[in-house]
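The data block below is query-v1.txt; it holds compact mmCIF, C-alpha atoms.
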# COMPACT_ATOMS: atom_id res chain seq x y z
CA MET A 73 -138.38 123.55 100.70
CA VAL A 74 -135.09 121.68 100.41
CA THR A 75 -135.34 118.22 98.92
CA ALA A 76 -132.96 115.36 99.53
CA PRO A 77 -130.45 114.77 96.74
CA THR A 78 -131.28 111.99 94.31
CA PRO A 79 -128.89 109.04 93.98
CA LEU A 80 -127.71 110.51 90.64
CA GLU A 81 -127.05 113.90 92.27
CA GLU A 82 -125.11 112.17 95.06
CA ARG A 83 -123.00 110.26 92.50
CA LEU A 84 -122.34 113.39 90.42
CA ARG A 85 -121.41 115.36 93.54
CA GLU A 86 -119.01 112.57 94.47
CA LEU A 87 -117.42 112.82 90.99
CA ALA A 88 -117.19 116.63 91.12
CA GLY A 89 -115.80 116.45 94.66
CA SER A 90 -113.07 114.03 93.54
CA VAL A 91 -111.48 116.71 91.33
CA PRO A 92 -108.02 117.59 92.69
CA ASP A 93 -107.35 121.15 93.81
CA PRO A 94 -105.11 122.70 91.12
CA GLU A 95 -102.83 124.37 93.68
CA LEU A 96 -102.70 121.51 96.20
CA PRO A 97 -103.39 118.35 94.18
CA VAL A 98 -103.10 116.21 97.30
CA LEU A 99 -106.55 117.60 98.22
CA THR A 100 -109.82 117.08 96.40
CA LEU A 101 -112.41 119.83 96.11
CA ALA A 102 -114.50 117.87 98.63
CA ASP A 103 -111.53 117.75 101.07
CA LEU A 104 -111.06 121.50 100.64
CA GLY A 105 -114.76 122.16 101.25
CA VAL A 106 -115.27 124.44 98.23
CA LEU A 107 -117.92 122.29 96.52
CA ARG A 108 -121.12 123.74 97.99
CA GLY A 109 -123.86 122.15 95.94
CA LEU A 110 -124.85 120.14 92.89
CA HIS A 111 -128.37 120.01 91.45
CA LEU A 112 -129.97 118.38 88.45
CA THR A 113 -131.81 121.20 86.69
CA GLY A 114 -133.20 119.10 83.83
CA PRO A 115 -132.42 116.04 81.74
CA GLY A 116 -128.65 116.04 81.19
CA ARG A 117 -128.27 119.42 82.93
CA VAL A 118 -126.41 120.03 86.16
CA GLU A 119 -125.69 123.17 88.16
CA VAL A 120 -122.68 123.10 90.48
CA GLU A 121 -122.04 125.66 93.24
CA LEU A 122 -118.41 126.36 93.99
CA THR A 123 -116.99 128.76 96.60
CA PRO A 124 -113.43 130.04 96.15
CA THR A 125 -111.06 130.02 99.10
CA TYR A 126 -110.91 133.78 98.70
CA THR A 127 -112.56 136.20 96.29
CA GLY A 128 -109.55 136.66 94.01
CA CYS A 129 -108.54 132.98 93.92
CA PRO A 130 -106.98 132.37 90.49
CA ALA A 131 -107.68 128.62 90.71
CA ILE A 132 -111.49 128.97 90.53
CA GLU A 133 -111.49 128.91 86.70
CA THR A 134 -109.39 125.74 86.63
CA MET A 135 -111.60 124.12 89.28
CA SER A 136 -114.70 124.96 87.23
CA ALA A 137 -113.21 123.63 84.00
CA ASP A 138 -112.09 120.41 85.73
CA ILE A 139 -115.56 119.85 87.22
CA GLU A 140 -117.14 120.41 83.80
CA ARG A 141 -114.69 117.96 82.18
CA VAL A 142 -115.32 115.22 84.77
CA LEU A 143 -119.10 115.54 84.53
CA HIS A 144 -119.00 115.64 80.69
CA GLU A 145 -116.91 112.44 80.78
CA HIS A 146 -119.69 110.84 82.83
CA GLY A 147 -122.46 111.67 80.39
CA ILE A 148 -123.69 115.07 81.53
CA PRO A 149 -123.79 117.29 78.42
CA GLU A 150 -124.73 120.58 80.13
CA VAL A 151 -122.79 121.67 83.19
CA GLU A 152 -123.00 125.14 84.69
CA VAL A 153 -120.56 125.95 87.48
CA ARG A 154 -121.63 128.99 89.49
CA THR A 155 -119.33 130.82 91.86
CA VAL A 156 -121.07 131.30 95.21
CA LEU A 157 -119.54 133.78 97.64
CA THR A 158 -122.04 133.41 100.50
CA PRO A 159 -121.43 131.86 102.90
CA ALA A 160 -117.75 132.68 102.54
CA TRP A 161 -115.29 129.78 102.58
CA SER A 162 -113.33 129.26 105.79
CA THR A 163 -110.45 126.97 106.64
CA ASP A 164 -112.95 125.29 108.99
CA ASP A 165 -114.51 123.90 105.79
CA ILE A 166 -111.46 121.68 105.21
CA THR A 167 -112.42 118.15 106.20
CA ALA A 168 -110.53 116.08 108.77
CA GLU A 169 -109.35 113.91 105.86
CA GLY A 170 -108.12 117.05 104.07
CA ARG A 171 -106.18 118.16 107.16
CA ARG A 172 -104.62 114.71 107.42
CA LYS A 173 -103.61 114.80 103.75
CA LEU A 174 -102.06 118.27 104.14
CA ALA A 175 -99.94 117.15 107.08
CA GLU A 176 -98.81 113.99 105.24
CA PHE A 177 -97.91 116.16 102.24
CA GLY A 178 -95.71 118.37 104.45
CA VAL A 179 -98.08 121.35 104.73
CA ALA A 180 -99.12 122.38 108.23
CA PRO A 181 -102.93 122.38 108.21
CA PRO A 182 -104.81 125.39 109.50
CA ARG A 183 -105.67 125.37 113.15
CA PRO A 184 -109.35 124.69 113.85
CA GLY A 185 -111.47 127.54 115.06
CA GLY A 186 -114.68 129.19 114.09
CA PRO A 187 -117.59 130.92 115.70
CA GLU A 188 -119.10 127.79 117.30
CA GLY A 189 -116.71 127.45 120.17
CA PRO A 190 -113.70 128.68 122.08
CA VAL A 191 -110.61 129.57 120.11
CA PRO A 192 -107.99 126.93 120.81
CA VAL A 193 -104.82 128.16 122.47
CA SER A 194 -101.68 126.75 120.94
CA LEU A 195 -98.02 127.45 121.35
CA GLY A 196 -97.45 127.82 117.62
CA ILE A 197 -97.77 126.22 114.25
CA ARG A 198 -96.80 122.55 114.43
CA CYS A 199 -94.05 121.41 112.04
CA PRO A 200 -95.44 118.70 109.74
CA HIS A 201 -91.99 117.06 109.64
CA CYS A 202 -91.06 116.65 113.30
CA GLY A 203 -94.08 117.95 115.24
CA SER A 204 -92.29 120.79 117.03
CA THR A 205 -94.21 124.00 117.69
CA ASP A 206 -90.97 126.02 117.71
CA THR A 207 -91.49 127.52 114.26
CA THR A 208 -90.73 130.88 112.69
CA LEU A 209 -92.65 132.81 110.05
CA LEU A 210 -90.39 133.46 107.05
CA SER A 211 -92.99 135.00 104.73
CA ARG A 212 -96.72 135.69 105.02
CA PHE A 213 -97.09 134.30 101.49
CA SER A 214 -95.72 131.11 99.99
CA SER A 215 -96.43 129.40 96.67
CA THR A 216 -100.06 130.56 96.92
CA ALA A 217 -101.77 133.38 98.81
CA CYS A 218 -103.49 130.73 100.99
CA LYS A 219 -100.20 129.59 102.51
CA ALA A 220 -97.41 131.14 104.59
CA LEU A 221 -93.79 129.97 104.57
CA ARG A 222 -92.39 128.90 107.93
CA ARG A 223 -89.25 127.19 109.23
CA CYS A 224 -89.02 124.73 112.08
CA GLU A 225 -86.33 125.72 114.57
CA ALA A 226 -86.03 122.12 115.81
CA CYS A 227 -85.41 120.26 112.53
CA ARG A 228 -84.58 123.42 110.48
CA GLU A 229 -86.88 122.33 107.64
CA PRO A 230 -88.94 124.95 105.81
CA PHE A 231 -92.64 124.19 105.32
CA ASP A 232 -95.86 125.73 104.12
CA HIS A 233 -98.64 126.53 106.56
CA PHE A 234 -102.20 126.73 105.21
CA LYS A 235 -103.32 130.00 106.80
CA GLU A 236 -106.49 130.20 108.88
CA LEU A 237 -109.33 132.24 107.43
Can you give me the file's structure in the form of structure tokens?
Amino acid sequence: MVTAPTPLEERLRELAGSVPDPELPVLTLADLGVLRGLHLTGPGRVEVELTPTYTGCPAIETMSADIERVLHEHGIPEVEVRTVLTPAWSTDDITAEGRRKLAEFGVAPPRPGGPEGPVPVSLGIRCPHCGSTDTTLLSRFSSTACKALRRCEACREPFDHFKEL
């Protein structure tokens, strides 16, 4: 039986979710959709469930340490961050706010998709600078494995594209 979160659990989840992503600090862990759960397991003890964007994500250790630090700063002496691989993270887990922040930061957000509906047809990846869909893939990998490097043929600006998973 699943119980509703307590007000303290909601507040602590809010704090943990406010931690910036170490690779894309414009996003919080809540925006990214990697914070899967937070539960009080006893007085002063919290368990946090965190799902990496992909199994080998090098940022998961930093995310865990940052969550622990934030919760310690707010009076929680025992914090256990568990990596949860099921269900797997998907770019559909990025919130609408997260997608907006990515675009404002100059990173093309992933296109929506998922098993719940039809796959959207689009002409290409939209340039976050000028909006053109006339873009070219320069490299399948950019500054992180989650992003590809593209160039807009209209404004000629390079940009990252957060790849769909």
(request) Find, counting all atoms listed in the file, the residue in A:Ala226, A:Leu96, A:Leu107, A:Val91 that gets nearest to Asp206 in chain A. (result) A:Ala226
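Across A:Pro79, A:Pro149, A:Pro159, A:Pro200, the tightest approach to Gly114 in chain A is made by A:Pro149 when counting only C-alpha atoms.
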(message) Ranking A:Leu99, A:Cys129, A:Cys218, A:Val151 by minimum distance to Phe177 in chain A and counting only C-alpha atoms, which one comes first?
(response) A:Leu99
(message) Residues within 8 Å of Thr155 in chain A, please, as a list in words. Count all atoms listed in the file; anything in the same chain fewer than 2 positions from it doesn't count.
(response) Glu121, Leu122, Thr123, Pro124, Val153 and Leu157 of chain A
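Each of A:Leu84, A:Ala102, A:Leu209, A:Ala76 was compared to Gly147 in chain A using all atoms listed in the file, and A:Leu84 turns out to be the nearest.
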(message) For a test of reading the model, state the distance in Å between CA of Glu140 in chain A and CA of Ala88 in chain A, rounded to one decimal.
(response) 8.2 Å
(message) For a quick check of understanding, using all atoms listed in the file, which of A:Arg228, A:Lys173, A:His233, A:Arg117 has the smallest distance to Pro97 in chain A?
(response) A:Lys173
(request) Would you mind listing what lies within 12 Å of Leu80 in chain A as a PyMOL selection string, with only C-alpha atoms counted and same-chain residues fewer than 2 positions away left out? (result) chain A and resi 76-78+82-87+110-112+115-118+143+146-148
Where's the centre, and what are the edge lengths in Å to one decimal, of a box along x, y and z enclosing all listed atoms of range 146-156 of chain A padded 6 Å per side, as lines of an AutoDock Vina configuration file?
center_x = -122.0
center_y = 121.1
center_z = 86.8
size_x = 17.4
size_y = 32.5
size_z = 28.8
(message) When you look at Thr125 in chain A with a cut-off of 12 Å (counting only C-alpha atoms), what residues show up, excluding the ones that are within fewer than 4 positions of it in the same chain? I need them as JSON, numbers by chain.
(response) {"A": [93, 95, 101, 104, 105, 106, 107, 108, 129, 130, 131, 132, 135, 155, 156, 157, 158, 159, 160, 161, 162, 163, 164, 165, 166, 216, 217, 218, 219, 234, 235, 236, 237]}
(request) Considering only C-alpha atoms, return as a count of residues only whatever protein or nucleic-acid residues lie within 8 Å of Asp232 in chain A, sequence-local ones (same chain, fewer than 5 positions apart) excluded. (result) 8
(request) Have a look at CA of Ser90 in chain A and CA of Gly203 in chain A and let me know their distance in Å, one decimal. (result) 29.1 Å
